[in-house]
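As provided, run-v1.csv (CSV, C-alpha atoms (C1' of nucleotides)) reads as follows.
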```csv
chain,number,residue,atom,x,y,z
A,1,MET,CA,-18.6,64.4,-4.7
A,2,ILE,CA,-19.7,65.3,-8.2
A,3,ARG,CA,-22.5,62.8,-8.2
A,4,GLU,CA,-23.6,64.0,-4.8
A,5,ALA,CA,-24.1,67.4,-6.4
A,6,GLY,CA,-26.4,65.8,-8.9
A,7,LEU,CA,-24.0,66.1,-11.8
A,8,LYS,CA,-23.1,63.4,-14.2
A,9,LEU,CA,-19.6,62.0,-13.5
A,10,THR,CA,-17.7,62.9,-16.7
A,11,ARG,CA,-14.1,62.9,-17.5
A,12,PRO,CA,-13.8,66.7,-17.7
A,13,ARG,CA,-15.5,67.2,-14.4
A,14,ALA,CA,-13.4,64.5,-12.7
A,15,SER,CA,-10.2,65.9,-14.0
A,16,ILE,CA,-11.0,69.5,-13.1
A,17,LEU,CA,-11.8,68.4,-9.6
A,18,ALA,CA,-8.6,66.4,-9.5
A,19,VAL,CA,-6.6,69.4,-10.5
A,20,LEU,CA,-8.1,71.5,-7.7
A,21,GLU,CA,-7.4,68.7,-5.2
A,22,SER,CA,-3.9,68.0,-6.2
A,23,SER,CA,-2.6,71.6,-6.8
A,24,GLN,CA,-0.3,73.0,-4.2
A,25,LYS,CA,-1.6,76.4,-5.1
A,26,LYS,CA,-5.1,76.6,-3.5
A,27,HIS,CA,-6.5,79.3,-5.7
A,28,LEU,CA,-6.6,78.6,-9.4
A,29,SER,CA,-8.0,80.6,-12.3
A,30,ALA,CA,-10.0,78.9,-15.1
A,31,GLU,CA,-6.9,79.5,-17.2
A,32,ASP,CA,-4.7,77.8,-14.7
A,33,VAL,CA,-6.9,74.7,-14.7
A,34,PHE,CA,-7.0,74.7,-18.4
A,35,GLN,CA,-3.2,74.9,-18.6
A,36,VAL,CA,-2.6,72.1,-16.2
A,37,LEU,CA,-5.0,69.8,-18.0
A,38,THR,CA,-3.6,70.6,-21.4
A,39,GLN,CA,-0.1,70.1,-20.1
A,40,GLN,CA,-1.2,66.7,-18.8
A,41,GLY,CA,-2.0,65.9,-22.3
A,42,GLN,CA,-5.7,66.0,-21.7
A,43,GLN,CA,-7.8,67.5,-24.4
A,44,ILE,CA,-10.5,69.8,-22.9
A,45,GLY,CA,-12.3,72.9,-24.1
A,46,PHE,CA,-12.0,76.3,-22.6
A,47,GLY,CA,-15.8,76.6,-22.3
A,48,THR,CA,-16.0,73.4,-20.5
A,49,VAL,CA,-13.6,74.6,-17.8
A,50,TYR,CA,-15.6,77.7,-17.2
A,51,ARG,CA,-18.9,75.9,-17.3
A,52,VAL,CA,-17.8,73.2,-14.9
A,53,LEU,CA,-16.2,75.6,-12.4
A,54,THR,CA,-19.4,77.6,-12.4
A,55,GLN,CA,-21.4,74.4,-11.8
A,56,PHE,CA,-19.0,73.4,-9.0
A,57,GLU,CA,-19.6,76.8,-7.5
A,58,SER,CA,-23.4,76.4,-7.5
A,59,ALA,CA,-23.0,73.0,-6.1
A,60,GLY,CA,-20.8,74.3,-3.3
A,61,ILE,CA,-17.8,72.3,-4.3
A,62,VAL,CA,-15.7,75.4,-5.0
A,63,LYS,CA,-15.7,79.0,-3.9
A,64,ARG,CA,-15.1,81.8,-6.4
A,65,HIS,CA,-13.0,84.8,-5.4
A,66,ASN,CA,-12.0,88.0,-7.2
A,67,PHE,CA,-8.8,89.0,-5.5
A,68,GLU,CA,-7.5,90.8,-8.5
A,69,GLU,CA,-9.9,92.4,-10.9
A,70,GLY,CA,-9.9,90.9,-14.3
A,71,HIS,CA,-10.1,87.3,-13.5
A,72,ALA,CA,-11.7,85.0,-10.9
A,73,VAL,CA,-9.9,82.3,-9.0
A,74,PHE,CA,-11.4,79.2,-7.5
A,75,GLU,CA,-10.6,77.2,-4.4
A,76,LEU,CA,-12.1,74.0,-3.1
A,77,HIS,CA,-14.8,74.7,-0.6
A,78,GLN,CA,-13.5,74.3,2.9
A,79,GLU,CA,-15.2,73.3,6.1
A,80,ASN,CA,-14.2,76.5,7.9
A,81,HIS,CA,-15.0,79.9,6.6
A,82,HIS,CA,-11.9,82.1,6.2
A,83,ASP,CA,-10.9,85.4,4.6
A,84,HIS,CA,-7.7,86.2,2.7
A,85,LEU,CA,-4.5,88.2,2.6
A,86,VAL,CA,-3.0,88.7,-0.8
A,87,CYS,CA,0.6,89.7,-1.5
A,88,LEU,CA,0.6,92.4,-4.2
A,89,ARG,CA,4.1,91.4,-5.3
A,90,CYS,CA,4.2,87.6,-5.5
A,91,GLY,CA,0.5,86.9,-5.5
A,92,GLN,CA,0.7,84.6,-2.6
A,93,VAL,CA,-2.6,84.1,-0.8
A,94,LYS,CA,-2.9,83.4,3.0
A,95,GLU,CA,-6.0,82.7,4.9
A,96,PHE,CA,-7.2,84.2,8.1
A,97,PHE,CA,-10.2,83.9,10.4
A,98,ASP,CA,-11.2,86.2,13.1
A,99,GLU,CA,-14.2,85.6,15.3
A,100,LYS,CA,-14.3,89.2,16.5
A,101,ILE,CA,-14.4,90.5,12.9
A,102,GLU,CA,-17.2,88.1,12.0
A,103,ASN,CA,-19.2,89.2,15.0
A,104,CYS,CA,-18.7,92.8,14.3
A,105,GLN,CA,-19.9,92.2,10.8
A,106,ASP,CA,-23.1,90.6,12.0
A,107,GLN,CA,-23.8,93.5,14.3
A,108,ILE,CA,-23.2,96.0,11.6
A,109,ALA,CA,-25.4,94.3,9.2
A,110,GLU,CA,-28.1,94.0,11.8
A,111,LYS,CA,-27.8,97.7,12.7
A,112,MET,CA,-28.0,98.6,9.0
A,113,GLY,CA,-31.0,96.3,8.4
A,114,PHE,CA,-29.1,94.0,6.1
A,115,ALA,CA,-29.6,90.2,6.0
A,116,ILE,CA,-26.1,89.0,5.3
A,117,ILE,CA,-25.8,86.5,2.5
A,118,ASP,CA,-22.0,86.6,2.0
A,119,HIS,CA,-19.0,88.8,2.4
A,120,SER,CA,-15.7,89.4,0.8
A,121,HIS,CA,-12.8,90.6,3.0
A,122,VAL,CA,-9.4,90.8,1.4
A,123,ILE,CA,-6.3,92.4,2.9
A,124,TYR,CA,-3.8,93.5,0.3
A,125,GLY,CA,-0.1,94.1,1.1
A,126,TYR,CA,3.4,92.9,0.9
A,127,CYS,CA,4.2,89.5,2.4
A,128,SER,CA,7.3,88.7,4.5
A,129,ASP,CA,9.3,87.3,1.7
A,130,PRO,CA,12.4,89.5,1.3
A,131,GLU,CA,11.6,89.8,-2.4
A,132,CYS,CA,8.2,91.3,-1.6
A,133,THR,CA,9.1,93.7,1.2
A,134,GLU,CA,8.1,97.2,0.3
A,135,LYS,CA,10.8,99.0,-1.7
B,136,MET,CA,-8.6,119.7,-7.7
B,137,ILE,CA,-7.7,118.4,-11.1
B,138,ARG,CA,-4.9,120.9,-11.3
B,139,GLU,CA,-3.7,120.0,-7.9
B,140,ALA,CA,-3.3,116.5,-9.2
B,141,GLY,CA,-1.0,117.7,-11.9
B,142,LEU,CA,-3.5,117.2,-14.6
B,143,LYS,CA,-4.4,119.7,-17.3
B,144,LEU,CA,-7.8,121.1,-16.7
B,145,THR,CA,-9.9,120.0,-19.7
B,146,ARG,CA,-13.5,120.0,-20.5
B,147,PRO,CA,-13.9,116.2,-20.3
B,148,ARG,CA,-12.1,116.0,-16.9
B,149,ALA,CA,-14.0,118.8,-15.4
B,150,SER,CA,-17.4,117.4,-16.5
B,151,ILE,CA,-16.5,113.9,-15.3
B,152,LEU,CA,-15.6,115.3,-11.9
B,153,ALA,CA,-18.8,117.3,-11.9
B,154,VAL,CA,-20.9,114.2,-12.6
B,155,LEU,CA,-19.3,112.4,-9.7
B,156,GLU,CA,-19.9,115.4,-7.4
B,157,SER,CA,-23.5,116.1,-8.4
B,158,SER,CA,-24.7,112.5,-8.6
B,159,GLN,CA,-27.0,111.3,-5.8
B,160,LYS,CA,-25.7,107.8,-6.4
B,161,LYS,CA,-22.3,107.8,-4.9
B,162,HIS,CA,-20.9,104.8,-6.9
B,163,LEU,CA,-20.9,105.2,-10.6
B,164,SER,CA,-19.6,102.9,-13.3
B,165,ALA,CA,-17.7,104.3,-16.3
B,166,GLU,CA,-20.8,103.5,-18.3
B,167,ASP,CA,-22.9,105.5,-15.9
B,168,VAL,CA,-20.7,108.5,-16.2
B,169,PHE,CA,-20.7,108.2,-20.0
B,170,GLN,CA,-24.5,108.0,-20.0
B,171,VAL,CA,-25.0,111.1,-17.8
B,172,LEU,CA,-22.7,113.2,-19.9
B,173,THR,CA,-24.2,112.0,-23.2
B,174,GLN,CA,-27.7,112.8,-21.9
B,175,GLN,CA,-26.5,116.2,-20.9
B,176,GLY,CA,-25.8,116.6,-24.6
B,177,GLN,CA,-22.1,116.5,-24.0
B,178,GLN,CA,-20.0,114.7,-26.6
B,179,ILE,CA,-17.4,112.6,-25.1
B,180,GLY,CA,-15.6,109.4,-26.0
B,181,PHE,CA,-15.9,106.2,-24.1
B,182,GLY,CA,-12.1,105.8,-23.9
B,183,THR,CA,-11.8,109.2,-22.4
B,184,VAL,CA,-14.1,108.3,-19.5
B,185,TYR,CA,-12.1,105.2,-18.7
B,186,ARG,CA,-8.8,107.0,-19.0
B,187,VAL,CA,-9.8,109.9,-16.9
B,188,LEU,CA,-11.3,107.8,-14.2
B,189,THR,CA,-8.1,105.8,-14.0
B,190,GLN,CA,-6.1,109.0,-13.8
B,191,PHE,CA,-8.4,110.2,-11.1
B,192,GLU,CA,-7.9,107.0,-9.2
B,193,SER,CA,-4.1,107.3,-9.4
B,194,ALA,CA,-4.4,110.9,-8.3
B,195,GLY,CA,-6.5,109.9,-5.3
B,196,ILE,CA,-9.5,111.8,-6.5
B,197,VAL,CA,-11.7,108.7,-6.7
B,198,LYS,CA,-11.7,105.2,-5.4
B,199,ARG,CA,-12.4,102.2,-7.5
B,200,HIS,CA,-14.5,99.3,-6.2
B,201,ASN,CA,-15.5,96.0,-7.6
B,202,PHE,CA,-18.7,95.2,-5.8
B,203,GLU,CA,-20.1,93.1,-8.6
B,204,GLU,CA,-17.7,91.3,-10.8
B,205,GLY,CA,-17.8,92.4,-14.4
B,206,HIS,CA,-17.6,96.1,-13.9
B,207,ALA,CA,-15.9,98.6,-11.6
B,208,VAL,CA,-17.6,101.5,-9.9
B,209,PHE,CA,-16.0,104.8,-8.8
B,210,GLU,CA,-16.7,107.1,-5.8
B,211,LEU,CA,-15.2,110.4,-4.9
B,212,HIS,CA,-12.4,109.8,-2.4
B,213,GLN,CA,-13.6,110.6,1.1
B,214,GLU,CA,-11.8,111.9,4.0
B,215,ASN,CA,-12.8,109.0,6.2
B,216,HIS,CA,-12.1,105.4,5.3
B,217,HIS,CA,-15.1,103.2,5.1
B,218,ASP,CA,-16.2,99.8,3.9
B,219,HIS,CA,-19.4,98.8,2.2
B,220,LEU,CA,-22.7,96.8,2.4
B,221,VAL,CA,-24.2,96.0,-1.0
B,222,CYS,CA,-27.8,94.9,-1.5
B,223,LEU,CA,-27.9,91.9,-3.9
B,224,ARG,CA,-31.5,92.9,-5.0
B,225,CYS,CA,-31.5,96.6,-5.5
B,226,GLY,CA,-27.8,97.3,-5.7
B,227,GLN,CA,-28.0,99.9,-3.0
B,228,VAL,CA,-24.6,100.6,-1.4
B,229,LYS,CA,-24.3,101.6,2.3
B,230,GLU,CA,-21.1,102.5,4.1
B,231,PHE,CA,-19.9,101.3,7.4
B,232,PHE,CA,-16.8,101.9,9.5
B,233,ASP,CA,-15.8,99.8,12.5
B,234,GLU,CA,-12.7,100.7,14.4
B,235,LYS,CA,-12.6,97.2,16.0
B,236,ILE,CA,-12.5,95.5,12.6
B,237,GLU,CA,-9.8,97.9,11.4
B,238,ASN,CA,-7.7,97.1,14.5
B,239,CYS,CA,-8.2,93.4,14.2
B,240,GLN,CA,-7.1,93.6,10.6
B,241,ASP,CA,-3.9,95.4,11.5
B,242,GLN,CA,-3.1,92.7,14.1
B,243,ILE,CA,-3.8,89.9,11.7
B,244,ALA,CA,-1.6,91.4,9.0
B,245,GLU,CA,1.2,91.9,11.6
B,246,LYS,CA,0.9,88.4,12.8
B,247,MET,CA,1.0,87.1,9.3
B,248,GLY,CA,4.0,89.3,8.4
B,249,PHE,CA,2.1,91.4,5.9
B,250,ALA,CA,2.5,95.1,5.4
B,251,ILE,CA,-1.0,96.3,4.7
B,252,ILE,CA,-1.4,98.5,1.6
B,253,ASP,CA,-5.2,98.3,1.2
B,254,HIS,CA,-8.2,96.2,1.9
B,255,SER,CA,-11.5,95.5,0.5
B,256,HIS,CA,-14.3,94.5,2.8
B,257,VAL,CA,-17.8,94.1,1.3
B,258,ILE,CA,-20.8,92.6,3.0
B,259,TYR,CA,-23.5,91.3,0.6
B,260,GLY,CA,-27.1,90.8,1.6
B,261,TYR,CA,-30.6,92.0,1.3
B,262,CYS,CA,-31.4,95.5,2.5
B,263,SER,CA,-34.4,96.5,4.6
B,264,ASP,CA,-36.5,97.6,1.6
B,265,PRO,CA,-39.6,95.4,1.6
B,266,GLU,CA,-38.8,94.7,-2.1
B,267,CYS,CA,-35.5,93.3,-1.2
B,268,THR,CA,-36.3,91.2,1.8
B,269,GLU,CA,-35.3,87.7,1.2
B,270,LYS,CA,-38.0,85.7,-0.5
C,271,DT,C1',-0.6,134.7,-30.6
C,272,DC,C1',2.4,130.8,-31.3
C,273,DC,C1',4.1,126.4,-30.0
C,274,DT,C1',4.4,121.9,-28.2
C,275,DA,C1',3.4,118.4,-25.3
C,276,DA,C1',-0.6,116.4,-23.6
C,277,DA,C1',-5.4,115.1,-24.2
C,278,DT,C1',-9.3,113.6,-26.8
C,279,DG,C1',-12.4,110.9,-30.0
C,280,DA,C1',-13.2,107.2,-32.9
C,281,DT,C1',-12.2,102.8,-33.8
C,282,DA,C1',-9.9,98.6,-33.5
C,283,DA,C1',-8.1,95.4,-30.3
C,284,DT,C1',-7.9,92.6,-26.1
C,285,DC,C1',-9.2,89.9,-22.3
C,286,DA,C1',-12.0,87.1,-19.6
C,287,DC,C1',-15.8,84.8,-20.0
C,288,DT,C1',-20.4,83.0,-22.2
C,289,DT,C1',-23.3,80.9,-25.6
C,290,DG,C1',-25.0,78.1,-29.7
C,291,DC,C1',-24.9,74.1,-31.8
C,292,DA,C1',-23.5,69.8,-33.8
C,293,DT,C1',-21.4,65.8,-31.9
C,294,DT,C1',-20.3,62.7,-28.1
C,295,DT,C1',-21.2,60.3,-23.9
C,296,DA,C1',-23.1,58.7,-19.3
C,297,DA,C1',-26.1,56.0,-17.4
C,298,DT,C1',-30.9,54.3,-17.6
C,299,DT,C1',-33.8,50.9,-19.8
C,300,DG,C1',-35.1,46.8,-22.2
D,301,DC,C1',-25.0,44.0,-23.0
D,302,DA,C1',-27.0,47.0,-26.7
D,303,DA,C1',-30.2,50.7,-27.4
D,304,DT,C1',-31.8,55.1,-26.1
D,305,DT,C1',-31.8,59.7,-24.7
D,306,DA,C1',-31.1,63.6,-22.2
D,307,DA,C1',-27.1,65.8,-20.6
D,308,DA,C1',-22.3,67.2,-21.4
D,309,DT,C1',-18.6,68.5,-24.4
D,310,DG,C1',-15.7,70.9,-27.9
D,311,DC,C1',-15.3,74.2,-31.0
D,312,DA,C1',-16.1,78.6,-32.6
D,313,DA,C1',-18.5,82.7,-32.6
D,314,DG,C1',-20.3,86.2,-29.5
D,315,DT,C1',-20.3,89.5,-25.4
D,316,DG,C1',-19.2,93.2,-22.4
D,317,DA,C1',-16.0,95.7,-20.1
D,318,DT,C1',-11.9,97.9,-20.7
D,319,DT,C1',-7.5,99.3,-23.2
D,320,DA,C1',-4.6,100.7,-27.0
D,321,DT,C1',-3.7,103.2,-31.3
D,322,DC,C1',-3.3,107.1,-33.8
D,323,DA,C1',-4.6,111.2,-36.2
D,324,DT,C1',-6.6,115.5,-34.7
D,325,DT,C1',-7.5,119.0,-31.2
D,326,DT,C1',-6.4,121.7,-27.2
D,327,DA,C1',-4.4,123.7,-22.8
D,328,DG,C1',-1.4,126.7,-21.2
D,329,DG,C1',3.4,128.3,-21.0
D,330,DA,C1',6.8,131.1,-24.0
```

Here is the file; what I need is its structure written in the form of structure tokens.
Amino acid sequence: MIREAGLKLTRPRASILAVLESSQKKHLSAEDVFQVLTQQGQQIGFGTVYRVLTQFESAGIVKRHNFEEGHAVFELHQENHHDHLVCLRCGQVKEFFDEKIENCQDQIAEKMGFAIIDHSHVIYGYCSDPECTEK
Amino acid sequence: MIREAGLKLTRPRASILAVLESSQKKHLSAEDVFQVLTQQGQQIGFGTVYRVLTQFESAGIVKRHNFEEGHAVFELHQENHHDHLVCLRCGQVKEFFDEKIENCQDQIAEKMGFAIIDHSHVIYGYCSDPECTEK
DNA sequence: TCCTAAATGATAATCACTTGCATTTAATTG
DNA sequence: CAATTAAATGCAAGTGATTATCATTTAGGA
């Protein structure tokens, strides 16, 4: 996968990809990735994590999101496009996809004379976990 | 307006609000606001601009957006909810509102057991300006 | 006008992220 | 399989946006 992207297969790149693939949390920050690797006893530089994640993004291996301002999170690129619901209490992220919304978007862009390149659609709220139900 | 929000009416607050009201660009960064005031010959601190904008946000006077990662922009709170289209070339921001999308969102949140608090829906692309048409 | 809590300005600090550079390494070549 | 070299890494310093600190100033009620 890394080679396919035209990148040299190095230890840091392989292990960063492994972290993303094996994590139960699908959305990880650079900090998260760094933590996991460090706790696995692997020695890796902060800069490398950021650099590699950015390369992975350009290569289409991961997708970058900015759910909460202040830091980006990365998820492995998935076959099917989807948008997200984020719980403001526990931070849980769920995915959704709605054909109707996608179509409306396209129509709006067309009507406004925009050529769509991408979009970010995030719903924020409280999830169904009793801990997170609005006070 | 500032008083209604329970805030003391001070020169910095009044002039920051004036900048937002009189700007032809509807979405301004803290830096933008600072620049305008400085160029008007007004002496104001960077920290104050950030603090006041954050207070205005809490008071519902402005809305904060993160169209481009790295810096927030603020717009005066408007009566009608709307989402945004952002041109990746010229940075122009247009508004859109689509009832159908809003409804779909509500249904999705319900189905997923989320109590919606807010959402961010931004479409990125190239606007119709000849300068911005995709290469 | 006086008083006091709140607000400001200047500056230092923080936080997430990026960059520069000397060293190491993947992987091509002989 | 060793030599070679361009690319990748680690570390540390640098950025840019934003926040915190704190002494000084100010709004607005008494």

Go through chain C residue by residue and, counting all atoms listed in the file, keep those with an atom at most 9 Å from chain A; for each kept residue give the shortest atom pair and its distance in Å to one decimal, ordered by chain and increasing number, as JSON lines.
```
{"residue": "C:DC285", "atom": "C1'", "partner": "A:Gly70", "partner_atom": "CA", "distance": 8.1}
{"residue": "C:DA286", "atom": "C1'", "partner": "A:His71", "partner_atom": "CA", "distance": 6.4}
{"residue": "C:DC287", "atom": "C1'", "partner": "A:Tyr50", "partner_atom": "CA", "distance": 7.6}
{"residue": "C:DT288", "atom": "C1'", "partner": "A:Gly47", "partner_atom": "CA", "distance": 7.9}
{"residue": "C:DT295", "atom": "C1'", "partner": "A:Thr10", "partner_atom": "CA", "distance": 8.4}
{"residue": "C:DA296", "atom": "C1'", "partner": "A:Lys8", "partner_atom": "CA", "distance": 6.9}
{"residue": "C:DA297", "atom": "C1'", "partner": "A:Lys8", "partner_atom": "CA", "distance": 8.6}
```

Residues from the last selection, C-alpha atoms (C1' of nucleotides), saved as a JSON list (two decimals), keeping the file's coordinate frame:
```
[["chain", "number", "residue", "atom", "x", "y", "z"],
["C", 285, "DC", "C1'", -9.20, 89.90, -22.30],
["C", 286, "DA", "C1'", -12.00, 87.10, -19.60],
["C", 287, "DC", "C1'", -15.80, 84.80, -20.00],
["C", 288, "DT", "C1'", -20.40, 83.00, -22.20],
["C", 295, "DT", "C1'", -21.20, 60.30, -23.90],
["C", 296, "DA", "C1'", -23.10, 58.70, -19.30],
["C", 297, "DA", "C1'", -26.10, 56.00, -17.40]]
```

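Here CA of Asn215 (chain B) is placed at a distance of 16.5 Å from CA of Val257 (chain B).
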
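Note that CA of Leu172 (chain B) and C1' of DA323 (chain D) are 24.4 Å apart.
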
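With all atoms listed in the file taken into account, the protein and nucleic acid residues at most 12 Å from Glu139 (chain B) (excluding it and anything under 6 positions from it in its own chain) are Phe191, Ala194, Gly195 and Ile196 of chain B.
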
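Going from CA of Asp106 (chain A) over to CA of His121 (chain A), you cover 13.7 Å.
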
Within 8 Å of chain B: residues of chain A, using all atoms listed in the file, as number ranges by chain:
A: 66, 69, 85, 87, 96, 98, 100-101, 104-105, 108-109, 112-128, 133-134

Shell of 12 Å around His77 (chain A), only C-alpha atoms (C1' of nucleotides), local chain residues under 4 positions omitted, as a compact mmCIF listing (two decimals) with C-alpha atoms, in the frame of the given file:
```
# COMPACT_ATOMS: atom_id res chain seq x y z
CA MET A 1 -18.60 64.40 -4.70
CA LEU A 17 -11.80 68.40 -9.60
CA LEU A 20 -8.10 71.50 -7.70
CA GLU A 21 -7.40 68.70 -5.20
CA LYS A 26 -5.10 76.60 -3.50
CA HIS A 27 -6.50 79.30 -5.70
CA LEU A 53 -16.20 75.60 -12.40
CA PHE A 56 -19.00 73.40 -9.00
CA GLU A 57 -19.60 76.80 -7.50
CA SER A 58 -23.40 76.40 -7.50
CA ALA A 59 -23.00 73.00 -6.10
CA GLY A 60 -20.80 74.30 -3.30
CA ILE A 61 -17.80 72.30 -4.30
CA VAL A 62 -15.70 75.40 -5.00
CA LYS A 63 -15.70 79.00 -3.90
CA ARG A 64 -15.10 81.80 -6.40
CA HIS A 65 -13.00 84.80 -5.40
CA HIS A 81 -15.00 79.90 6.60
CA HIS A 82 -11.90 82.10 6.20
```

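Of the listed residues B:Lys246, B:Arg138, B:Arg148, B:Arg224, the one whose atoms come nearest to Thr183 (chain B) is B:Arg148, with distances taken using only C-alpha atoms.
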
Residue nearest chain D - candidates B:Ser158, B:Gln177, B:Gln170, B:Thr189, atoms counted: all atoms listed in the file
B:Thr189
